[in-house]
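J.: Structure: data-v7.cif, mmCIF, N, CA, C and O atoms.
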```cif
data_my_file
#
loop_
_atom_site.label_atom_id
_atom_site.label_comp_id
_atom_site.auth_asym_id
_atom_site.auth_seq_id
_atom_site.Cartn_x
_atom_site.Cartn_y
_atom_site.Cartn_z
N LEU A 1 0.83 -1.19 0.00
CA LEU A 1 0.00 0.00 0.00
C LEU A 1 0.87 1.25 0.00
O LEU A 1 0.60 2.18 -0.75
N LEU A 2 1.89 1.28 0.83
CA LEU A 2 2.79 2.43 0.88
C LEU A 2 3.42 2.67 -0.48
O LEU A 2 3.42 3.80 -0.98
N GLU A 3 3.95 1.61 -1.08
CA GLU A 3 4.62 1.75 -2.38
C GLU A 3 3.63 2.17 -3.46
O GLU A 3 3.97 2.96 -4.34
N ASP A 4 2.40 1.67 -3.40
CA ASP A 4 1.38 2.06 -4.38
C ASP A 4 1.09 3.55 -4.28
O ASP A 4 1.00 4.24 -5.30
N THR A 5 0.96 4.04 -3.07
CA THR A 5 0.69 5.47 -2.87
C THR A 5 1.87 6.30 -3.33
O THR A 5 1.68 7.34 -3.97
N LEU A 6 3.09 5.86 -3.01
CA LEU A 6 4.28 6.60 -3.43
C LEU A 6 4.37 6.68 -4.95
O LEU A 6 4.81 7.70 -5.49
N ASN A 7 3.95 5.64 -5.63
CA ASN A 7 3.97 5.66 -7.10
C ASN A 7 3.00 6.68 -7.68
O ASN A 7 3.20 7.18 -8.78
N LEU A 8 1.95 7.00 -6.93
CA LEU A 8 0.96 7.97 -7.39
C LEU A 8 1.41 9.42 -7.17
O LEU A 8 0.94 10.32 -7.86
N LEU A 9 2.29 9.62 -6.19
CA LEU A 9 2.75 10.98 -5.89
C LEU A 9 3.71 11.45 -6.98
O LEU A 9 4.46 10.66 -7.54
N THR A 10 3.66 12.76 -7.24
CA THR A 10 4.40 13.28 -8.40
C THR A 10 5.76 13.87 -8.09
O THR A 10 6.55 14.10 -9.00
N SER A 11 6.06 14.14 -6.82
CA SER A 11 7.36 14.76 -6.53
C SER A 11 8.07 14.05 -5.39
O SER A 11 7.45 13.39 -4.55
N ALA A 12 9.37 14.23 -5.36
CA ALA A 12 10.19 13.65 -4.28
C ALA A 12 9.81 14.27 -2.95
O ALA A 12 9.80 13.59 -1.92
N LYS A 13 9.46 15.54 -2.96
CA LYS A 13 9.06 16.23 -1.73
C LYS A 13 7.77 15.62 -1.18
O LYS A 13 7.65 15.39 0.03
N ALA A 14 6.82 15.34 -2.05
CA ALA A 14 5.56 14.72 -1.62
C ALA A 14 5.80 13.31 -1.09
O ALA A 14 5.20 12.91 -0.09
N ASN A 15 6.69 12.58 -1.75
CA ASN A 15 7.05 11.23 -1.27
C ASN A 15 7.64 11.28 0.13
O ASN A 15 7.26 10.51 1.01
N LYS A 16 8.58 12.20 0.32
CA LYS A 16 9.25 12.32 1.62
C LYS A 16 8.25 12.69 2.72
O LYS A 16 8.27 12.13 3.81
N LYS A 17 7.35 13.60 2.41
CA LYS A 17 6.34 14.02 3.37
C LYS A 17 5.42 12.85 3.72
O LYS A 17 5.11 12.63 4.89
N TYR A 18 5.01 12.09 2.72
CA TYR A 18 4.13 10.95 2.95
C TYR A 18 4.82 9.88 3.80
O TYR A 18 4.23 9.32 4.72
N ILE A 19 6.09 9.61 3.51
CA ILE A 19 6.85 8.63 4.29
C ILE A 19 6.95 9.07 5.75
O ILE A 19 6.77 8.27 6.67
N LYS A 20 7.22 10.34 5.98
CA LYS A 20 7.31 10.87 7.35
C LYS A 20 5.98 10.73 8.08
O LYS A 20 5.94 10.38 9.26
N GLU A 21 4.87 10.99 7.38
CA GLU A 21 3.54 10.84 8.00
C GLU A 21 3.27 9.39 8.36
O GLU A 21 2.76 9.10 9.45
N CYS A 22 3.64 8.48 7.47
CA CYS A 22 3.46 7.05 7.75
C CYS A 22 4.32 6.61 8.93
O CYS A 22 3.87 5.87 9.81
N GLU A 23 5.56 7.07 8.94
CA GLU A 23 6.47 6.73 10.03
C GLU A 23 5.92 7.22 11.36
O GLU A 23 5.92 6.49 12.36
N LYS A 24 5.42 8.44 11.39
CA LYS A 24 4.85 9.01 12.61
C LYS A 24 3.65 8.18 13.08
O LYS A 24 3.51 7.87 14.27
N SER A 25 2.80 7.80 12.16
CA SER A 25 1.62 7.00 12.49
C SER A 25 2.01 5.62 13.03
O SER A 25 1.44 5.15 14.02
N ILE A 26 2.98 4.99 12.39
CA ILE A 26 3.44 3.67 12.84
C ILE A 26 4.06 3.75 14.22
O ILE A 26 3.80 2.91 15.08
N LYS A 27 4.88 4.77 14.44
CA LYS A 27 5.50 4.95 15.76
C LYS A 27 4.44 5.16 16.83
O LYS A 27 4.52 4.59 17.91
N LYS A 28 3.44 5.97 16.53
CA LYS A 28 2.37 6.24 17.50
C LYS A 28 1.64 4.94 17.85
O LYS A 28 1.32 4.69 19.01
N GLN A 29 1.42 4.11 16.85
CA GLN A 29 0.65 2.90 17.04
C GLN A 29 1.45 1.80 17.76
O GLN A 29 0.90 1.07 18.58
N PHE A 30 2.75 1.67 17.46
CA PHE A 30 3.50 0.51 17.92
C PHE A 30 4.66 0.79 18.87
O PHE A 30 5.23 -0.16 19.42
N MET A 31 5.06 2.03 19.07
CA MET A 31 6.28 2.32 19.81
C MET A 31 6.26 1.78 21.25
O MET A 31 7.25 1.22 21.71
N ASP A 32 5.15 1.91 21.94
CA ASP A 32 5.10 1.40 23.31
C ASP A 32 5.35 -0.10 23.36
O ASP A 32 6.09 -0.59 24.21
N ASP A 33 4.74 -0.83 22.43
CA ASP A 33 4.95 -2.28 22.38
C ASP A 33 6.40 -2.61 22.04
O ASP A 33 6.98 -3.53 22.63
N LEU A 34 6.99 -1.88 21.11
CA LEU A 34 8.37 -2.15 20.71
C LEU A 34 9.35 -1.86 21.85
O LEU A 34 10.31 -2.61 22.05
N LYS A 35 9.09 -0.81 22.59
CA LYS A 35 9.98 -0.46 23.71
C LYS A 35 9.95 -1.51 24.80
O LYS A 35 10.93 -1.68 25.52
N ASN A 36 8.83 -2.21 24.93
CA ASN A 36 8.68 -3.20 26.01
C ASN A 36 9.01 -4.63 25.58
O ASN A 36 8.79 -5.56 26.34
N MET A 37 9.54 -4.79 24.38
CA MET A 37 9.90 -6.13 23.89
C MET A 37 11.19 -6.61 24.52
O MET A 37 12.10 -5.83 24.78
N TYR A 38 11.25 -7.92 24.70
CA TYR A 38 12.51 -8.55 25.05
C TYR A 38 13.36 -8.65 23.78
O TYR A 38 12.83 -8.63 22.67
N VAL A 39 14.66 -8.79 23.94
CA VAL A 39 15.57 -8.85 22.79
C VAL A 39 15.18 -10.02 21.88
O VAL A 39 15.13 -9.86 20.66
N GLU A 40 14.90 -11.17 22.44
CA GLU A 40 14.54 -12.34 21.62
C GLU A 40 13.25 -12.09 20.84
O GLU A 40 13.12 -12.53 19.70
N GLU A 41 12.30 -11.37 21.42
CA GLU A 41 11.07 -11.03 20.71
C GLU A 41 11.38 -10.11 19.52
O GLU A 41 10.80 -10.26 18.44
N GLY A 42 12.31 -9.20 19.72
CA GLY A 42 12.72 -8.31 18.64
C GLY A 42 13.37 -9.07 17.50
O GLY A 42 13.13 -8.79 16.33
N LYS A 43 14.20 -10.06 17.84
CA LYS A 43 14.85 -10.87 16.81
C LYS A 43 13.80 -11.63 16.00
O LYS A 43 13.91 -11.73 14.77
N ILE A 44 12.79 -12.15 16.68
CA ILE A 44 11.72 -12.87 15.97
C ILE A 44 10.94 -11.90 15.10
O ILE A 44 10.59 -12.22 13.96
N LEU A 45 10.68 -10.70 15.60
CA LEU A 45 9.96 -9.70 14.81
C LEU A 45 10.72 -9.38 13.52
O LEU A 45 10.11 -9.28 12.45
N LEU A 46 12.04 -9.25 13.59
CA LEU A 46 12.83 -8.99 12.39
C LEU A 46 12.65 -10.11 11.37
O LEU A 46 12.51 -9.85 10.17
N LYS A 47 12.63 -11.35 11.84
CA LYS A 47 12.42 -12.48 10.93
C LYS A 47 11.00 -12.47 10.35
O LYS A 47 10.80 -12.75 9.16
N LEU A 48 10.02 -12.14 11.18
CA LEU A 48 8.63 -12.13 10.71
C LEU A 48 8.39 -11.02 9.68
O LEU A 48 7.60 -11.19 8.75
N ILE A 49 9.07 -9.90 9.85
CA ILE A 49 8.96 -8.83 8.86
C ILE A 49 9.46 -9.34 7.51
O ILE A 49 8.83 -9.13 6.49
N HIS A 50 10.59 -10.05 7.53
CA HIS A 50 11.11 -10.62 6.28
C HIS A 50 10.14 -11.65 5.72
O HIS A 50 9.89 -11.69 4.51
N ARG A 51 9.56 -12.48 6.57
CA ARG A 51 8.61 -13.50 6.12
C ARG A 51 7.42 -12.87 5.41
O ARG A 51 6.96 -13.35 4.38
N GLU A 52 6.91 -11.78 5.95
CA GLU A 52 5.70 -11.16 5.40
C GLU A 52 5.96 -10.26 4.20
O GLU A 52 5.11 -10.13 3.33
N THR A 53 7.13 -9.64 4.15
CA THR A 53 7.39 -8.66 3.08
C THR A 53 8.35 -9.16 2.01
O THR A 53 8.38 -8.60 0.91
N GLY A 54 9.16 -10.16 2.35
CA GLY A 54 10.19 -10.61 1.43
C GLY A 54 11.41 -9.70 1.44
O GLY A 54 12.34 -9.88 0.65
N LYS A 55 11.40 -8.71 2.33
CA LYS A 55 12.52 -7.77 2.46
C LYS A 55 12.98 -7.76 3.91
O LYS A 55 12.17 -7.88 4.82
N THR A 56 14.28 -7.57 4.10
CA THR A 56 14.78 -7.45 5.47
C THR A 56 14.42 -6.08 6.02
O THR A 56 14.15 -5.14 5.26
N SER A 57 14.42 -5.97 7.32
CA SER A 57 14.17 -4.68 7.96
C SER A 57 15.21 -3.65 7.52
O SER A 57 14.89 -2.47 7.34
N PHE A 58 16.43 -4.12 7.33
CA PHE A 58 17.51 -3.25 6.87
C PHE A 58 17.16 -2.65 5.50
O PHE A 58 17.28 -1.44 5.29
N ASP A 59 16.72 -3.51 4.58
CA ASP A 59 16.38 -3.03 3.23
C ASP A 59 15.20 -2.07 3.26
O ASP A 59 15.20 -1.06 2.54
N ILE A 60 14.20 -2.38 4.07
CA ILE A 60 13.03 -1.50 4.17
C ILE A 60 13.43 -0.13 4.70
O ILE A 60 13.06 0.89 4.13
N MET A 61 14.22 -0.12 5.77
CA MET A 61 14.64 1.17 6.33
C MET A 61 15.52 1.94 5.36
O MET A 61 15.42 3.16 5.26
N LYS A 62 16.39 1.24 4.67
CA LYS A 62 17.28 1.90 3.72
C LYS A 62 16.48 2.56 2.60
O LYS A 62 16.79 3.67 2.18
N ASN A 63 15.42 1.89 2.15
CA ASN A 63 14.58 2.45 1.09
C ASN A 63 13.79 3.67 1.54
O ASN A 63 13.60 4.60 0.77
N TYR A 64 13.33 3.66 2.79
CA TYR A 64 12.43 4.72 3.24
C TYR A 64 13.05 5.68 4.24
O TYR A 64 12.58 6.80 4.39
N GLY A 65 14.08 5.27 4.95
CA GLY A 65 14.62 6.10 6.00
C GLY A 65 15.96 6.74 5.69
O GLY A 65 16.39 7.67 6.37
N GLY A 66 16.65 6.21 4.71
CA GLY A 66 17.95 6.75 4.38
C GLY A 66 19.07 5.90 4.97
O GLY A 66 18.89 5.14 5.91
N THR A 67 20.24 6.04 4.39
CA THR A 67 21.39 5.20 4.74
C THR A 67 21.89 5.46 6.15
O THR A 67 22.13 4.52 6.91
N PHE A 68 22.06 6.72 6.53
CA PHE A 68 22.62 7.03 7.86
C PHE A 68 21.74 6.47 8.97
O PHE A 68 22.23 5.81 9.90
N GLU A 69 20.44 6.72 8.89
CA GLU A 69 19.52 6.25 9.92
C GLU A 69 19.51 4.71 9.97
O GLU A 69 19.48 4.12 11.05
N THR A 70 19.57 4.07 8.82
CA THR A 70 19.58 2.61 8.76
C THR A 70 20.83 2.05 9.42
O THR A 70 20.74 1.11 10.21
N ILE A 71 21.97 2.63 9.12
CA ILE A 71 23.23 2.17 9.72
C ILE A 71 23.21 2.38 11.23
O ILE A 71 23.66 1.53 12.00
N PHE A 72 22.64 3.50 11.68
CA PHE A 72 22.53 3.76 13.12
C PHE A 72 21.71 2.67 13.80
O PHE A 72 22.12 2.10 14.82
N TYR A 73 20.54 2.36 13.25
CA TYR A 73 19.68 1.35 13.87
C TYR A 73 20.28 -0.05 13.76
O TYR A 73 20.08 -0.89 14.65
N GLN A 74 21.01 -0.33 12.70
CA GLN A 74 21.70 -1.62 12.58
C GLN A 74 22.76 -1.73 13.68
O GLN A 74 22.90 -2.78 14.29
N ALA A 75 23.47 -0.66 13.94
CA ALA A 75 24.48 -0.65 15.02
C ALA A 75 23.80 -0.87 16.37
O ALA A 75 24.32 -1.61 17.22
N MET A 76 22.64 -0.24 16.57
CA MET A 76 21.89 -0.44 17.82
C MET A 76 21.47 -1.91 17.95
O MET A 76 21.58 -2.50 19.03
N ALA A 77 20.98 -2.49 16.86
CA ALA A 77 20.57 -3.90 16.88
C ALA A 77 21.76 -4.79 17.22
O ALA A 77 21.63 -5.73 18.02
N LYS A 78 22.91 -4.49 16.64
CA LYS A 78 24.11 -5.30 16.88
C LYS A 78 24.53 -5.27 18.35
O LYS A 78 25.04 -6.25 18.86
N THR A 79 24.29 -4.13 19.03
CA THR A 79 24.66 -4.08 20.45
C THR A 79 23.82 -5.05 21.28
O THR A 79 24.24 -5.46 22.36
N TYR A 80 22.68 -5.45 20.76
CA TYR A 80 21.81 -6.43 21.44
C TYR A 80 21.90 -7.80 20.76
O TYR A 80 21.03 -8.65 20.93
N HIS A 81 22.95 -8.01 19.97
CA HIS A 81 23.19 -9.27 19.26
C HIS A 81 22.05 -9.62 18.31
O HIS A 81 21.69 -10.78 18.14
N ALA A 82 21.46 -8.60 17.71
CA ALA A 82 20.43 -8.77 16.70
C ALA A 82 20.99 -8.27 15.37
O ALA A 82 22.04 -7.66 15.33
N ASP A 83 20.25 -8.53 14.30
CA ASP A 83 20.70 -8.12 12.98
C ASP A 83 19.49 -7.76 12.13
O ASP A 83 18.61 -8.59 11.92
N MET A 84 19.45 -6.51 11.67
CA MET A 84 18.33 -6.07 10.85
C MET A 84 18.34 -6.73 9.47
O MET A 84 17.39 -6.62 8.72
N LYS A 85 19.41 -7.44 9.15
CA LYS A 85 19.49 -8.16 7.88
C LYS A 85 19.04 -9.61 8.03
O LYS A 85 19.19 -10.42 7.12
N SER A 86 18.43 -9.92 9.18
CA SER A 86 17.94 -11.28 9.44
C SER A 86 16.90 -11.67 8.40
O SER A 86 16.04 -10.87 8.05
N THR A 87 17.01 -12.90 7.96
CA THR A 87 16.03 -13.42 7.02
C THR A 87 15.28 -14.58 7.66
O THR A 87 15.75 -15.20 8.62
N TYR A 88 14.12 -14.85 7.13
CA TYR A 88 13.28 -15.94 7.62
C TYR A 88 13.44 -17.14 6.72
O TYR A 88 13.30 -17.04 5.50
N ASP A 89 13.75 -18.26 7.30
CA ASP A 89 13.84 -19.52 6.57
C ASP A 89 12.94 -20.51 7.29
O ASP A 89 13.21 -20.88 8.44
N PRO A 90 11.86 -20.97 6.64
CA PRO A 90 10.92 -21.87 7.32
C PRO A 90 11.56 -23.18 7.77
O PRO A 90 11.04 -23.83 8.69
N VAL A 91 12.68 -23.58 7.17
CA VAL A 91 13.35 -24.80 7.60
C VAL A 91 14.13 -24.53 8.89
O VAL A 91 13.99 -25.25 9.88
N ILE A 92 14.94 -23.48 8.87
CA ILE A 92 15.72 -23.13 10.06
C ILE A 92 14.81 -22.64 11.18
O ILE A 92 14.99 -23.00 12.35
N ASP A 93 13.82 -21.84 10.82
CA ASP A 93 12.90 -21.26 11.81
C ASP A 93 11.62 -22.10 11.91
O ASP A 93 10.52 -21.56 12.00
N TYR A 94 11.79 -23.41 11.92
CA TYR A 94 10.64 -24.32 11.90
C TYR A 94 9.72 -24.14 13.10
O TYR A 94 8.50 -24.31 12.98
N GLN A 95 10.27 -23.77 14.25
CA GLN A 95 9.42 -23.58 15.43
C GLN A 95 8.47 -22.40 15.23
O GLN A 95 7.29 -22.49 15.56
N ILE A 96 8.99 -21.32 14.69
CA ILE A 96 8.16 -20.15 14.40
C ILE A 96 7.10 -20.53 13.37
O ILE A 96 5.92 -20.18 13.50
N GLU A 97 7.51 -21.26 12.34
CA GLU A 97 6.59 -21.67 11.28
C GLU A 97 5.47 -22.54 11.84
O GLU A 97 4.30 -22.37 11.47
N GLU A 98 5.79 -23.44 12.73
CA GLU A 98 4.77 -24.31 13.34
C GLU A 98 3.77 -23.48 14.15
O GLU A 98 2.57 -23.74 14.11
N ILE A 99 4.25 -22.51 14.88
CA ILE A 99 3.36 -21.64 15.66
C ILE A 99 2.44 -20.87 14.73
O ILE A 99 1.23 -20.79 14.96
N ILE A 100 2.99 -20.32 13.66
CA ILE A 100 2.19 -19.55 12.70
C ILE A 100 1.12 -20.44 12.08
O ILE A 100 -0.05 -20.06 11.99
N LYS A 101 1.52 -21.63 11.66
CA LYS A 101 0.55 -22.56 11.05
C LYS A 101 -0.54 -22.94 12.03
O LYS A 101 -1.72 -23.00 11.66
N SER A 102 -0.20 -23.17 13.29
CA SER A 102 -1.22 -23.53 14.28
C SER A 102 -2.17 -22.36 14.53
O SER A 102 -3.37 -22.57 14.71
N LEU A 103 -1.66 -21.15 14.52
CA LEU A 103 -2.52 -19.97 14.71
C LEU A 103 -3.42 -19.75 13.52
O LEU A 103 -4.58 -19.34 13.68
N GLU A 104 -2.93 -20.02 12.31
CA GLU A 104 -3.75 -19.86 11.11
C GLU A 104 -4.90 -20.85 11.10
O GLU A 104 -6.00 -20.53 10.71
N ILE A 105 -4.65 -22.07 11.56
CA ILE A 105 -5.71 -23.07 11.63
C ILE A 105 -6.77 -22.66 12.65
O ILE A 105 -7.96 -22.78 12.40
N GLU A 106 -6.31 -22.16 13.80
CA GLU A 106 -7.24 -21.75 14.85
C GLU A 106 -8.08 -20.54 14.45
O GLU A 106 -9.19 -20.39 14.90
N ASN A 107 -7.55 -19.69 13.59
CA ASN A 107 -8.24 -18.46 13.22
C ASN A 107 -9.13 -18.60 12.00
O ASN A 107 -9.74 -17.65 11.58
N VAL A 108 -9.20 -19.81 11.42
CA VAL A 108 -10.08 -20.02 10.27
C VAL A 108 -11.52 -20.02 10.77
O VAL A 108 -11.86 -20.76 11.70
N PRO A 109 -12.40 -19.20 10.18
CA PRO A 109 -13.79 -19.14 10.64
C PRO A 109 -14.50 -20.47 10.39
O PRO A 109 -14.33 -21.11 9.37
N GLN A 110 -15.27 -20.88 11.36
CA GLN A 110 -16.06 -22.11 11.27
C GLN A 110 -17.41 -21.80 10.65
O GLN A 110 -17.99 -20.76 10.92
N ASN A 111 -17.93 -22.70 9.83
CA ASN A 111 -19.26 -22.51 9.20
C ASN A 111 -20.38 -22.75 10.14
O ASN A 111 -20.56 -23.44 10.95
#
```
Could you write out this file's structure as structure tokens?
T.:
Amino acid sequence: LLEDTLNLLTSAKANKKYIKECEKSIKKQFMDDLKNMYVEEGKILLKLIHRETGKTSFDIMKNYGGTFETIFYQAMAKTYHADMKSTYDPVIDYQIEEIIKSLEIENVPQN
């Protein structure tokens, strides 16, 4: 949705403004939860972002936030032994995959 909207905007200034508005909205919605996460939960979140988008958190931030900000947050992640370049592999991350599959089955509406 974000990329679709950005494609409709006609100027770089409008794109930048829209990205900032989206960032502000996302921070307002999720920042309290993110601040209260354990490190291991954050590592799983990075993998789940890759699973859902096909892009690493590093790539997403680099595209929308700029190189300096991305490198800063990658350095912060590294201090907690995390990596924004984490990828999701359903074979390696089989436990996460099993949990997701069990939740999807439970959330299927019954007739």
J.: Apply DSSP to the backbone of this structure and, from chain A, keep only the residues in alpha helix (DSSP H); write these as a ChimeraX atom specification.
T.: /A:2-8,12-35,39-53,57-65,67-79,94-106
J.: In Å, with one decimal, what is the gap from atom N of A:Lys24 to atom O of A:Ile96?
T.: 28.7 Å
J.: Report as an MDAnalysis selection string the residues that result from applying the PyMOL selection byres ((chain A and resi 44-51) around 8) to the structure here.
T.: chainID A and resid 38:43 52:58 83:89
J.: How would the residues just chosen look if you wrote them out with N, CA, C and O atoms as an mmCIF file, in the coordinates of the input?
T.:
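Done, and the output landed in again_33.cif:
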```cif
data_model
loop_
_atom_site.group_PDB
_atom_site.id
_atom_site.type_symbol
_atom_site.label_atom_id
_atom_site.label_comp_id
_atom_site.auth_asym_id
_atom_site.auth_seq_id
_atom_site.Cartn_x
_atom_site.Cartn_y
_atom_site.Cartn_z
ATOM 1 N N TYR A 38 11.250 -7.920 24.700
ATOM 2 C CA TYR A 38 12.510 -8.550 25.050
ATOM 3 C C TYR A 38 13.360 -8.650 23.780
ATOM 4 O O TYR A 38 12.830 -8.630 22.670
ATOM 5 N N VAL A 39 14.660 -8.790 23.940
ATOM 6 C CA VAL A 39 15.570 -8.850 22.790
ATOM 7 C C VAL A 39 15.180 -10.020 21.880
ATOM 8 O O VAL A 39 15.130 -9.860 20.660
ATOM 9 N N GLU A 40 14.900 -11.170 22.440
ATOM 10 C CA GLU A 40 14.540 -12.340 21.620
ATOM 11 C C GLU A 40 13.250 -12.090 20.840
ATOM 12 O O GLU A 40 13.120 -12.530 19.700
ATOM 13 N N GLU A 41 12.300 -11.370 21.420
ATOM 14 C CA GLU A 41 11.070 -11.030 20.710
ATOM 15 C C GLU A 41 11.380 -10.110 19.520
ATOM 16 O O GLU A 41 10.800 -10.260 18.440
ATOM 17 N N GLY A 42 12.310 -9.200 19.720
ATOM 18 C CA GLY A 42 12.720 -8.310 18.640
ATOM 19 C C GLY A 42 13.370 -9.070 17.500
ATOM 20 O O GLY A 42 13.130 -8.790 16.330
ATOM 21 N N LYS A 43 14.200 -10.060 17.840
ATOM 22 C CA LYS A 43 14.850 -10.870 16.810
ATOM 23 C C LYS A 43 13.800 -11.630 16.000
ATOM 24 O O LYS A 43 13.910 -11.730 14.770
ATOM 25 N N GLU A 52 6.910 -11.780 5.950
ATOM 26 C CA GLU A 52 5.700 -11.160 5.400
ATOM 27 C C GLU A 52 5.960 -10.260 4.200
ATOM 28 O O GLU A 52 5.110 -10.130 3.330
ATOM 29 N N THR A 53 7.130 -9.640 4.150
ATOM 30 C CA THR A 53 7.390 -8.660 3.080
ATOM 31 C C THR A 53 8.350 -9.160 2.010
ATOM 32 O O THR A 53 8.380 -8.600 0.910
ATOM 33 N N GLY A 54 9.160 -10.160 2.350
ATOM 34 C CA GLY A 54 10.190 -10.610 1.430
ATOM 35 C C GLY A 54 11.410 -9.700 1.440
ATOM 36 O O GLY A 54 12.340 -9.880 0.650
ATOM 37 N N LYS A 55 11.400 -8.710 2.330
ATOM 38 C CA LYS A 55 12.520 -7.770 2.460
ATOM 39 C C LYS A 55 12.980 -7.760 3.910
ATOM 40 O O LYS A 55 12.170 -7.880 4.820
ATOM 41 N N THR A 56 14.280 -7.570 4.100
ATOM 42 C CA THR A 56 14.780 -7.450 5.470
ATOM 43 C C THR A 56 14.420 -6.080 6.020
ATOM 44 O O THR A 56 14.150 -5.140 5.260
ATOM 45 N N SER A 57 14.420 -5.970 7.320
ATOM 46 C CA SER A 57 14.170 -4.680 7.960
ATOM 47 C C SER A 57 15.210 -3.650 7.520
ATOM 48 O O SER A 57 14.890 -2.470 7.340
ATOM 49 N N PHE A 58 16.430 -4.120 7.330
ATOM 50 C CA PHE A 58 17.510 -3.250 6.870
ATOM 51 C C PHE A 58 17.160 -2.650 5.500
ATOM 52 O O PHE A 58 17.280 -1.440 5.290
ATOM 53 N N ASP A 83 20.250 -8.530 14.300
ATOM 54 C CA ASP A 83 20.700 -8.120 12.980
ATOM 55 C C ASP A 83 19.490 -7.760 12.130
ATOM 56 O O ASP A 83 18.610 -8.590 11.920
ATOM 57 N N MET A 84 19.450 -6.510 11.670
ATOM 58 C CA MET A 84 18.330 -6.070 10.850
ATOM 59 C C MET A 84 18.340 -6.730 9.470
ATOM 60 O O MET A 84 17.390 -6.620 8.720
ATOM 61 N N LYS A 85 19.410 -7.440 9.150
ATOM 62 C CA LYS A 85 19.490 -8.160 7.880
ATOM 63 C C LYS A 85 19.040 -9.610 8.030
ATOM 64 O O LYS A 85 19.190 -10.420 7.120
ATOM 65 N N SER A 86 18.430 -9.920 9.180
ATOM 66 C CA SER A 86 17.940 -11.280 9.440
ATOM 67 C C SER A 86 16.900 -11.670 8.400
ATOM 68 O O SER A 86 16.040 -10.870 8.050
ATOM 69 N N THR A 87 17.010 -12.900 7.960
ATOM 70 C CA THR A 87 16.030 -13.420 7.020
ATOM 71 C C THR A 87 15.280 -14.580 7.660
ATOM 72 O O THR A 87 15.750 -15.200 8.620
ATOM 73 N N TYR A 88 14.120 -14.850 7.130
ATOM 74 C CA TYR A 88 13.280 -15.940 7.620
ATOM 75 C C TYR A 88 13.440 -17.140 6.720
ATOM 76 O O TYR A 88 13.300 -17.040 5.500
ATOM 77 N N ASP A 89 13.750 -18.260 7.300
ATOM 78 C CA ASP A 89 13.840 -19.520 6.570
ATOM 79 C C ASP A 89 12.940 -20.510 7.290
ATOM 80 O O ASP A 89 13.210 -20.880 8.440
#
```
J.: Starting from the shown file, work through the PyMOL selection byres (((chain A and resi 19 and name CA) around 12) and name CA) and note down what comes out as a VMD selection string.
T.: chain A and resid 1 to 3 5 to 6 9 12 to 18 20 to 26 60 to 61 63 to 66
